[in-house]
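For reference, the structure discussed in these notes is given below.
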Amino acid sequence: MKGLFVLVLLVLSGGQAQRLQDVPPQERSAIQAVILAQMEAFKKDDAVRAFSFASPGIRQVFQTPERFIEMVRTGYAQIYRPLKVEFGPASRSVGALQQVRQVVNLVGLDGKKAVAYYLMERQADGSWKIGGVQLELITDDQTI
């Protein structure tokens, strides 16, 4: 299921390397608030609320909040129960003004470090939804 989530991320992002541009502070704040709100919902095992922050494409793939939270619980421990969350840069692909990649440095409850690359999608109503996450585990000899 984790592979499917990364595949969805690649499909939704077009799988293309593009030139990046900075994201204004107000948009970064809104994006980070969505990510933190979803993590808070995970912490409370509130599958319905956590699922509400997912993009329509992600909701279509997983169909139910229960399937979604189970996928996160089993494949994304650092996101499901982070001990430490630190936001890195946010960037927008030129030509893809409705998508932003937000980097998040994480430490899980088990002490394992990871970098999460969130694909954020702006909705027609101006809100931001999470369109996918790629999680990269960090080995002891790497730093985040």
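Every chain in the structure tokens takes a letter, A first, then B, and so on in the order presented; its residues are numbered from 1, and the ligands are numbered from 1 following the presented order.
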Report as JSON lines the residues of stretch 105-138 of chain A within 12 Å of stretch 48-54 of chain A, each with its shortest atom pair and distance in Å (one decimal), using only C-alpha atoms, ordered by chain and increasing residue number.
{"residue": "A:Tyr118", "atom": "CA", "partner": "A:Ala54", "partner_atom": "CA", "distance": 11.0}
{"residue": "A:Leu119", "atom": "CA", "partner": "A:Ala54", "partner_atom": "CA", "distance": 10.4}
{"residue": "A:Met120", "atom": "CA", "partner": "A:Ala54", "partner_atom": "CA", "distance": 9.2}
{"residue": "A:Glu121", "atom": "CA", "partner": "A:Ala54", "partner_atom": "CA", "distance": 9.3}
{"residue": "A:Arg122", "atom": "CA", "partner": "A:Ala54", "partner_atom": "CA", "distance": 11.3}
{"residue": "A:Gln123", "atom": "CA", "partner": "A:Ala54", "partner_atom": "CA", "distance": 11.0}
{"residue": "A:Ser127", "atom": "CA", "partner": "A:Phe53", "partner_atom": "CA", "distance": 9.8}
{"residue": "A:Trp128", "atom": "CA", "partner": "A:Phe53", "partner_atom": "CA", "distance": 8.0}
{"residue": "A:Lys129", "atom": "CA", "partner": "A:Phe53", "partner_atom": "CA", "distance": 5.3}
{"residue": "A:Ile130", "atom": "CA", "partner": "A:Ala54", "partner_atom": "CA", "distance": 4.7}
{"residue": "A:Gly131", "atom": "CA", "partner": "A:Ala54", "partner_atom": "CA", "distance": 6.2}
{"residue": "A:Gly132", "atom": "CA", "partner": "A:Ala54", "partner_atom": "CA", "distance": 8.0}
{"residue": "A:Val133", "atom": "CA", "partner": "A:Ala54", "partner_atom": "CA", "distance": 10.4}
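Ranking A:Val100, A:Ala116, A:Met39, A:Met71 by their shortest atom-to-atom distance to A:Leu83, with only C-alpha atoms included, puts A:Met39 first.
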When you draw a straight line from atom CA of A:Leu36 to atom CA of A:Tyr76, how long is it in Å?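 Pair atom CA of A:Leu36 / atom CA of A:Tyr76 returns 14.9 Å.
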So that I can check the surroundings of A:Gln102, please list as a PyMOL selection string every protein, DNA and RNA residue that reaches within 8 Å of it, counting only C-alpha atoms and ignoring chain neighbours fewer than 6 positions away. chain A and resi 31+87-91+117-120
Under the rule that only C-alpha atoms are counted, which of A:Ala124, A:Asn105, A:Arg81, A:Glu136 is the nearest residue to A:Ala41?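 Closest to A:Ala41, using only C-alpha atoms: A:Arg81.
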